[in-house]
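What follows is the content of structure-v7.cif, which has mmCIF, C-alpha atoms:
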```cif
data_model
loop_
_atom_site.label_atom_id
_atom_site.label_comp_id
_atom_site.auth_asym_id
_atom_site.auth_seq_id
_atom_site.Cartn_x
_atom_site.Cartn_y
_atom_site.Cartn_z
CA MET A 1451 -1.95 -3.11 31.84
CA PRO A 1452 -2.19 -2.20 28.16
CA THR A 1453 -2.65 -4.88 25.54
CA GLN A 1454 0.07 -4.86 22.87
CA ARG A 1455 0.80 -6.55 19.57
CA THR A 1456 3.80 -6.26 17.27
CA VAL A 1457 3.32 -6.62 13.53
CA THR A 1458 5.34 -6.27 10.34
CA ILE A 1459 3.83 -3.96 7.70
CA GLY A 1460 2.76 -6.12 4.76
CA SER A 1461 1.72 -3.49 2.21
CA ARG A 1462 4.32 -3.15 -0.54
CA LEU A 1463 4.50 0.62 -0.19
CA GLY A 1464 4.09 0.79 3.57
CA LEU A 1465 1.39 2.78 5.34
CA HIS A 1466 0.80 5.27 2.54
CA ALA A 1467 -2.62 6.73 1.67
CA ARG A 1468 -4.71 3.63 0.80
CA PRO A 1469 -3.44 1.22 3.48
CA ALA A 1470 -3.42 4.00 6.08
CA THR A 1471 -7.03 4.85 5.23
CA LEU A 1472 -8.12 1.21 5.55
CA PHE A 1473 -6.20 0.83 8.83
CA VAL A 1474 -7.56 4.04 10.41
CA LYS A 1475 -11.10 3.09 9.35
CA ALA A 1476 -10.70 -0.34 11.00
CA VAL A 1477 -9.29 1.25 14.16
CA ASN A 1478 -12.22 3.67 14.39
CA GLU A 1479 -14.69 0.83 13.90
CA THR A 1480 -13.33 -0.83 17.06
CA GLY A 1481 -14.36 2.18 19.13
CA LEU A 1482 -11.22 1.68 21.23
CA PRO A 1483 -8.24 3.97 21.86
CA VAL A 1484 -5.50 2.32 19.80
CA PHE A 1485 -1.98 3.67 19.41
CA ILE A 1486 0.71 2.72 16.90
CA ALA A 1487 4.47 3.21 17.23
CA ARG A 1488 7.64 2.58 15.29
CA PRO A 1489 10.60 1.28 17.28
CA ASP A 1490 12.17 3.95 19.50
CA GLN A 1491 9.44 6.50 18.72
CA ASP A 1492 6.52 7.78 20.74
CA PRO A 1493 3.15 6.17 19.94
CA VAL A 1494 0.61 8.10 17.89
CA ASP A 1495 -3.18 7.90 17.91
CA ALA A 1496 -4.13 5.25 15.33
CA ARG A 1497 -7.58 6.84 15.00
CA SER A 1498 -5.96 9.83 13.27
CA MET A 1499 -5.23 9.60 9.55
CA LEU A 1500 -2.73 12.45 9.80
CA ALA A 1501 -0.86 10.81 12.69
CA VAL A 1502 -0.69 7.41 10.95
CA MET A 1503 0.53 8.96 7.70
CA ALA A 1504 3.14 11.04 9.58
CA LEU A 1505 4.42 7.84 11.20
CA GLY A 1506 5.97 6.90 7.85
CA ALA A 1507 6.00 3.14 8.43
CA ASP A 1508 7.52 1.30 5.47
CA HIS A 1509 7.00 -2.20 4.05
CA GLY A 1510 8.69 -4.80 6.24
CA GLU A 1511 9.00 -2.44 9.19
CA THR A 1512 7.79 -3.59 12.60
CA VAL A 1513 5.29 -1.47 14.51
CA THR A 1514 3.65 -1.93 17.90
CA LEU A 1515 -0.07 -1.52 18.49
CA THR A 1516 -1.27 -0.69 21.99
CA CYS A 1517 -4.76 -0.50 23.46
CA ASP A 1518 -5.35 0.49 27.05
CA ASP A 1519 -8.96 -0.54 27.49
CA ALA A 1520 -10.81 -1.64 30.62
CA GLU A 1521 -12.19 -4.72 28.87
CA GLU A 1522 -9.09 -6.74 28.06
CA GLY A 1523 -10.90 -9.24 25.84
CA ALA A 1524 -12.20 -6.49 23.56
CA ALA A 1525 -8.73 -5.00 23.24
CA GLU A 1526 -7.19 -8.37 22.41
CA ARG A 1527 -9.78 -9.14 19.73
CA ALA A 1528 -9.44 -5.67 18.20
CA LEU A 1529 -5.64 -5.79 18.11
CA ASP A 1530 -5.66 -9.30 16.63
CA GLU A 1531 -7.87 -8.05 13.76
CA LEU A 1532 -5.70 -4.97 13.24
CA VAL A 1533 -2.54 -7.09 13.17
CA GLU A 1534 -4.09 -9.29 10.49
CA LEU A 1535 -4.95 -6.21 8.44
CA LEU A 1536 -1.52 -4.57 8.79
CA SER A 1537 0.34 -7.77 7.95
CA SER A 1538 -1.60 -8.19 4.69
CA ASP A 1539 -0.75 -6.46 1.42
CA MET A 1540 -3.55 -3.92 1.31
CA ASP A 1541 -2.15 -2.66 -2.01
CA ALA A 1542 -3.01 -5.98 -3.68
CA ALA A 1543 -6.79 -5.45 -3.59
#
```

As structure tokens:
Amino acid sequence: MPTQRTVTIGSRLGLHARPATLFVKAVNETGLPVFIARPDQDPVDARSMLAVMALGADHGETVTLTCDDAEEGAAERALDELVELLSSDMDAA
């Protein structure tokens, strides 16, 4: 069963270039297949900058992260870290 987390986008301008870049980099560092979806839309590969940017997630919008990995503990830890990142204002740095 896939591991999922729901998170509200914290960056003031949503997942535009800078926050999307930081998020995709963090996803790729996990080495896990992570997907991100807006409500009522198909998930996209969170390892792809183009896919994350095309998602068009805005500030305050809720998205769902999913990881279907054999090692459940690794998926849970990775998604917890990604949720923390997405819920922060990455534009503030």

Given the PyMOL selection byres ((chain A and resi 1483) around 6), the residues it picks as a PyMOL selection string: chain A and resi 1482+1484+1517

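Shortest separation to A:Gly1464 among A:Glu1522, A:Asp1530, A:Asp1508, A:Asp1541 occurs at residue A:Asp1508, atoms counted being all atoms listed in the file.
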
Selected residue of minimal separation from A:Thr1453 among A:Ala1525, A:Ala1496, A:Ile1486, A:Leu1536, counting all atoms listed in the file: A:Ala1525

Closest of A:Leu1505, A:Leu1465, A:Leu1535, A:Ala1542 to A:Phe1485 - atom-to-atom distances counting only C-alpha atoms: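 Of A:Leu1505, A:Leu1465, A:Leu1535, A:Ala1542, the one nearest A:Phe1485, counting only C-alpha atoms, is A:Leu1505.
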
Selected residue, from A:Thr1456, A:Thr1512, A:Gln1491, A:Ser1498, that lies nearest to A:Val1474 when counting only C-alpha atoms: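 Closest candidate: A:Ser1498.
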
Within 12 Å of A:Thr1458 using only C-alpha atoms, minus same-chain residues under 3 positions, as a ChimeraX atom specification: /A:1455,1461-1462,1464-1465,1487-1489,1507-1515,1532-1539

Distance of atom CA of A:Ala1528 from atom CA of A:Thr1480, expressed in Å to one decimal place: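 Those two atoms sit 6.3 Å apart.
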
Which residue of A:Leu1529, A:Gln1454, A:Thr1471, A:Asp1518 approaches A:Arg1497 most closely, using all atoms listed in the file: A:Thr1471

Given all atoms listed in the file as the counted atoms, nearest of A:Pro1452, A:Met1499, A:Asp1519, A:Asp1490 to A:Ala1476: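 Distance minimum relative to A:Ala1476 lands on A:Met1499.
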
Separation of atom CA of A:Arg1468 from atom CA of A:Gly1523, in Å and rounded to one decimal: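 Interatomic distance, atom CA of A:Arg1468 to atom CA of A:Gly1523: 28.8 Å.
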
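As for atom CA of A:Ala1504 and atom CA of A:Glu1526, they are spaced 25.5 Å apart.
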
Could you give me the centre and size, in Å to one decimal, of an axis-aligned box around all listed atoms of stretch 1509-1521 of chain A with 8 Å added on every side, as lines of an AutoDock Vina configuration file?
```
center_x = -1.6
center_y = -2.2
center_z = 17.3
size_x = 37.2
size_y = 21.3
size_z = 42.6
```
